[in-house]
Amino acid sequence: MTKYSLLDLVPVREGSSVGAALNEAADLAAHAEAHGFTRYWVAEHHGMPGIAGGATAVVLGHVGAATSSIRIGAGGIMLPNHAPLAIAEQFGTLDALYPGRIDLGLGRAPGSDQRVMRAMRRTLEANGPDAFPQDILELQSYFANDGQTGIEATPGAGAAIEMWVLGSSLYGAQLAAALGLPYAFASHFAPDALDQAAEIYRRHFRPSARLDKPYMAAGFNVFAADTDEEGQYLASSMEQSFVALRTGNPGRLPPPVRDYRAGLGAQGNAILDHVLACSGIGSARTVRTAIEAFVQRTGVDEVILTGATFDPEARKKSLAIAAEVMDARVPA
């Protein structure tokens with residue numbers, strides 16, 4: 001049976017606060033754990049007023065204290081922003097606190113823009129995306145404590161971290177295959193290369209000590225409710241956020257709007273048609289049909305569900321419906 005997990009951007013709602021968003025994240029993770037989700041991931045973003053997951057390891061420490069069994073991790077850490085040793089120490093600490101539960105998904109984007117990358121104290125020339133493969137190998141060396149770096153990461157050495165490569169293009173698929181690591185594709189906002197990336201990853205996969213065969217996850221937006229109309233209403237908060245981001249006006253998560261897309265115009269609707277191509281929005285039946293088609297099309301081993309609603313309780317209900325759909329034996 002296809003596994004299902006949760007990606008949370010820790011949205012900050014209009015009229016709310018970062019503190020409230022972090023508490024809602026912990027509550028959401030506990031809810032996901034109770035409904036059988038395999039893992040809960042936080043994604044690193046910076047300079048965005050509506051996303052509170054920038055200090056990703058700190059957020060995961062907070063979430064870990066609110067849960068007991070669900071895997072928790074980064075989906076992902078943008079490695080060009082950081083020294084690999086610092087990430088080894090952060091996630092080694094998490095593994096010491098919550099042993100056997102920590103995932104570390106690694107991406108090569110800055111999590112915002114080049115201004116953020118420079119502000120993170122990493123030079124674009126020496127430590128940018130081109131150094132990504134070497135940074136992953138260095139990070140693996142710290143966890144393995146194999147002596148290759150000449151430094152013992154404390155915490156970090158010997159930590160049982162499940163490492164992933166993340167991507168939204170063919171590059172990540174090629175790298176994950178070459179390293180024999182699990183691969184997660186960001187189809188929840190960048191769906192274009194999904195099918196080709198999946199084919200490349202599986203065709204070129206090289207077994208490793210970590211993984212003997214390909215294992216792939218992919219992002220999927222879900223807004224489930226009692227009716228299709230209610231699901232579309234809930235989705236309008238994130239739709240507004242996507243349009244605002246793509247038009248250079250990012251902000252906090254706004255309240256939903258009835259029939260939002262009807263008054264949006266051609267440009268806005270084109271943005272949403274593209275970015276939400278991998279989505280299930282509506283009743284349980286509608287969401288089930290969309291997820292089944294997605295799994296049959298991609299053959300993924302795991303679906304990473306995401307999608308922020310303005311009302312935290314509506315989001316919890318949406319995820320509960322999605323869990324019921326997935327537990328109803330959606331075919332792999």
# chains A, B, ... in the order shown; residues from 1 in each chain; ligands from 1

call {"tool": "residues_around", "arguments": {"residues": "Ala66 of chain A", "least_positions_apart": "6", "cutoff": "8 Å", "atoms": "only C-alpha atoms", "output": "mmCIF file with all heavy atoms, in the first residue's frame"}}
result
data_model
loop_
_atom_site.group_PDB
_atom_site.id
_atom_site.type_symbol
_atom_site.label_atom_id
_atom_site.label_comp_id
_atom_site.auth_asym_id
_atom_site.auth_seq_id
_atom_site.Cartn_x
_atom_site.Cartn_y
_atom_site.Cartn_z
ATOM 1 N N ALA A 26 2.879 21.870 15.929
ATOM 2 C CA ALA A 26 3.009 20.752 16.857
ATOM 3 C C ALA A 26 1.687 19.990 16.980
ATOM 4 O O ALA A 26 1.664 18.751 17.001
ATOM 5 C CB ALA A 26 3.459 21.263 18.223
ATOM 6 N N ASP A 27 0.592 20.730 17.037
ATOM 7 C CA ASP A 27 -0.725 20.095 17.123
ATOM 8 C C ASP A 27 -1.036 19.314 15.858
ATOM 9 O O ASP A 27 -1.583 18.200 15.906
ATOM 10 C CB ASP A 27 -1.778 21.176 17.368
ATOM 11 C CG ASP A 27 -3.182 20.600 17.551
ATOM 12 O OD1 ASP A 27 -3.357 19.734 18.435
ATOM 13 O OD2 ASP A 27 -4.093 21.016 16.814
ATOM 14 N N ALA A 29 1.159 17.952 13.781
ATOM 15 C CA ALA A 29 1.997 16.757 13.741
ATOM 16 C C ALA A 29 1.419 15.652 14.617
ATOM 17 O O ALA A 29 1.414 14.477 14.224
ATOM 18 C CB ALA A 29 3.413 17.106 14.180
ATOM 19 N N ALA A 30 0.927 16.006 15.793
ATOM 20 C CA ALA A 30 0.303 15.006 16.661
ATOM 21 C C ALA A 30 -0.949 14.430 16.007
ATOM 22 O O ALA A 30 -1.235 13.229 16.117
ATOM 23 C CB ALA A 30 -0.033 15.638 18.013
#

call {"tool": "residues_around", "arguments": {"residues": "Leu79 of chain A", "least_positions_apart": "5", "cutoff": "8 Å", "atoms": "only C-alpha atoms", "output": "list in words"}}
result
Pro84, Leu106, Gly107, Arg108, Ala109, Pro110, Phe132 and Asp135 of chain A

call {"tool": "write_last_selection", "arguments": {"atoms": "all heavy atoms", "output": "PDB file, in the first residue's frame"}}
result
ATOM      1  N   PRO A  84      27.966  21.844   6.134  1.00  0.00           N
ATOM      2  CA  PRO A  84      27.508  20.493   6.447  1.00  0.00           C
ATOM      3  C   PRO A  84      27.720  20.091   7.911  1.00  0.00           C
ATOM      4  O   PRO A  84      26.886  19.387   8.499  1.00  0.00           O
ATOM      5  CB  PRO A  84      28.328  19.622   5.496  1.00  0.00           C
ATOM      6  CG  PRO A  84      28.544  20.502   4.306  1.00  0.00           C
ATOM      7  CD  PRO A  84      28.767  21.872   4.882  1.00  0.00           C
ATOM      8  N   LEU A 106      17.414  16.906   1.593  1.00  0.00           N
ATOM      9  CA  LEU A 106      18.383  17.932   1.217  1.00  0.00           C
ATOM     10  C   LEU A 106      18.070  18.501  -0.158  1.00  0.00           C
ATOM     11  O   LEU A 106      17.892  17.763  -1.128  1.00  0.00           O
ATOM     12  CB  LEU A 106      19.790  17.334   1.211  1.00  0.00           C
ATOM     13  CG  LEU A 106      20.248  16.787   2.558  1.00  0.00           C
ATOM     14  CD1 LEU A 106      21.499  15.946   2.400  1.00  0.00           C
ATOM     15  CD2 LEU A 106      20.477  17.923   3.547  1.00  0.00           C
ATOM     16  N   GLY A 107      18.012  19.830  -0.236  1.00  0.00           N
ATOM     17  CA  GLY A 107      17.794  20.516  -1.496  1.00  0.00           C
ATOM     18  C   GLY A 107      18.939  21.468  -1.781  1.00  0.00           C
ATOM     19  O   GLY A 107      19.726  21.801  -0.888  1.00  0.00           O
ATOM     20  N   ARG A 108      19.019  21.940  -3.019  1.00  0.00           N
ATOM     21  CA  ARG A 108      20.121  22.830  -3.392  1.00  0.00           C
ATOM     22  C   ARG A 108      19.663  24.248  -3.703  1.00  0.00           C
ATOM     23  O   ARG A 108      20.476  25.088  -4.082  1.00  0.00           O
ATOM     24  CB  ARG A 108      20.892  22.261  -4.581  1.00  0.00           C
ATOM     25  CG  ARG A 108      20.129  22.203  -5.899  1.00  0.00           C
ATOM     26  CD  ARG A 108      20.973  21.591  -7.005  1.00  0.00           C
ATOM     27  NE  ARG A 108      20.289  21.628  -8.291  1.00  0.00           N
ATOM     28  CZ  ARG A 108      20.812  22.134  -9.407  1.00  0.00           C
ATOM     29  NH1 ARG A 108      22.025  22.649  -9.381  1.00  0.00           N
ATOM     30  NH2 ARG A 108      20.135  22.117 -10.530  1.00  0.00           N
ATOM     31  N   ALA A 109      18.386  24.558  -3.535  1.00  0.00           N
ATOM     32  CA  ALA A 109      17.908  25.933  -3.707  1.00  0.00           C
ATOM     33  C   ALA A 109      18.201  26.729  -2.434  1.00  0.00           C
ATOM     34  O   ALA A 109      18.425  26.154  -1.376  1.00  0.00           O
ATOM     35  CB  ALA A 109      16.413  25.928  -4.001  1.00  0.00           C
ATOM     36  N   PRO A 110      18.180  28.061  -2.504  1.00  0.00           N
ATOM     37  CA  PRO A 110      18.455  28.851  -1.296  1.00  0.00           C
ATOM     38  C   PRO A 110      17.273  28.957  -0.345  1.00  0.00           C
ATOM     39  O   PRO A 110      17.434  29.432   0.771  1.00  0.00           O
ATOM     40  CB  PRO A 110      18.822  30.227  -1.856  1.00  0.00           C
ATOM     41  CG  PRO A 110      18.082  30.301  -3.147  1.00  0.00           C
ATOM     42  CD  PRO A 110      18.100  28.901  -3.704  1.00  0.00           C
ATOM     43  N   PHE A 132      26.789  21.072  -4.156  1.00  0.00           N
ATOM     44  CA  PHE A 132      25.770  20.263  -3.478  1.00  0.00           C
ATOM     45  C   PHE A 132      26.162  18.787  -3.344  1.00  0.00           C
ATOM     46  O   PHE A 132      26.090  18.231  -2.237  1.00  0.00           O
ATOM     47  CB  PHE A 132      24.444  20.429  -4.221  1.00  0.00           C
ATOM     48  CG  PHE A 132      23.262  19.750  -3.595  1.00  0.00           C
ATOM     49  CD1 PHE A 132      22.958  19.927  -2.254  1.00  0.00           C
ATOM     50  CD2 PHE A 132      22.419  18.940  -4.358  1.00  0.00           C
ATOM     51  CE1 PHE A 132      21.845  19.313  -1.678  1.00  0.00           C
ATOM     52  CE2 PHE A 132      21.315  18.329  -3.800  1.00  0.00           C
ATOM     53  CZ  PHE A 132      21.031  18.505  -2.460  1.00  0.00           C
ATOM     54  N   ASP A 135      28.843  18.438  -0.726  1.00  0.00           N
ATOM     55  CA  ASP A 135      28.310  18.734   0.609  1.00  0.00           C
ATOM     56  C   ASP A 135      27.532  17.545   1.173  1.00  0.00           C
ATOM     57  O   ASP A 135      27.599  17.259   2.381  1.00  0.00           O
ATOM     58  CB  ASP A 135      27.407  19.963   0.555  1.00  0.00           C
ATOM     59  CG  ASP A 135      28.188  21.272   0.467  1.00  0.00           C
ATOM     60  OD1 ASP A 135      29.414  21.244   0.668  1.00  0.00           O
ATOM     61  OD2 ASP A 135      27.562  22.309   0.200  1.00  0.00           O
TER      62      ASP A 135
END

call {"tool": "atom_distance", "arguments": {"atom1": "atom CA of Val42 of chain A", "atom2": "atom CA of Met238 of chain A"}}
result
16.8 Å

call {"tool": "select_by_dssp", "arguments": {"residues": "segment 23-251 of chain A", "states": "strand (DSSP E or B)", "output": "PyMOL selection string"}}
result
chain A and resi 39-42+51+71-78+102-107+162-167+183-185+216-224

call {"tool": "closest_residue", "arguments": {"among": "A:Ser279, A:Thr149, A:Gln232, A:Gln240", "to": "Ala190 of chain A", "atoms": "only C-alpha atoms"}}
result
A:Ser279
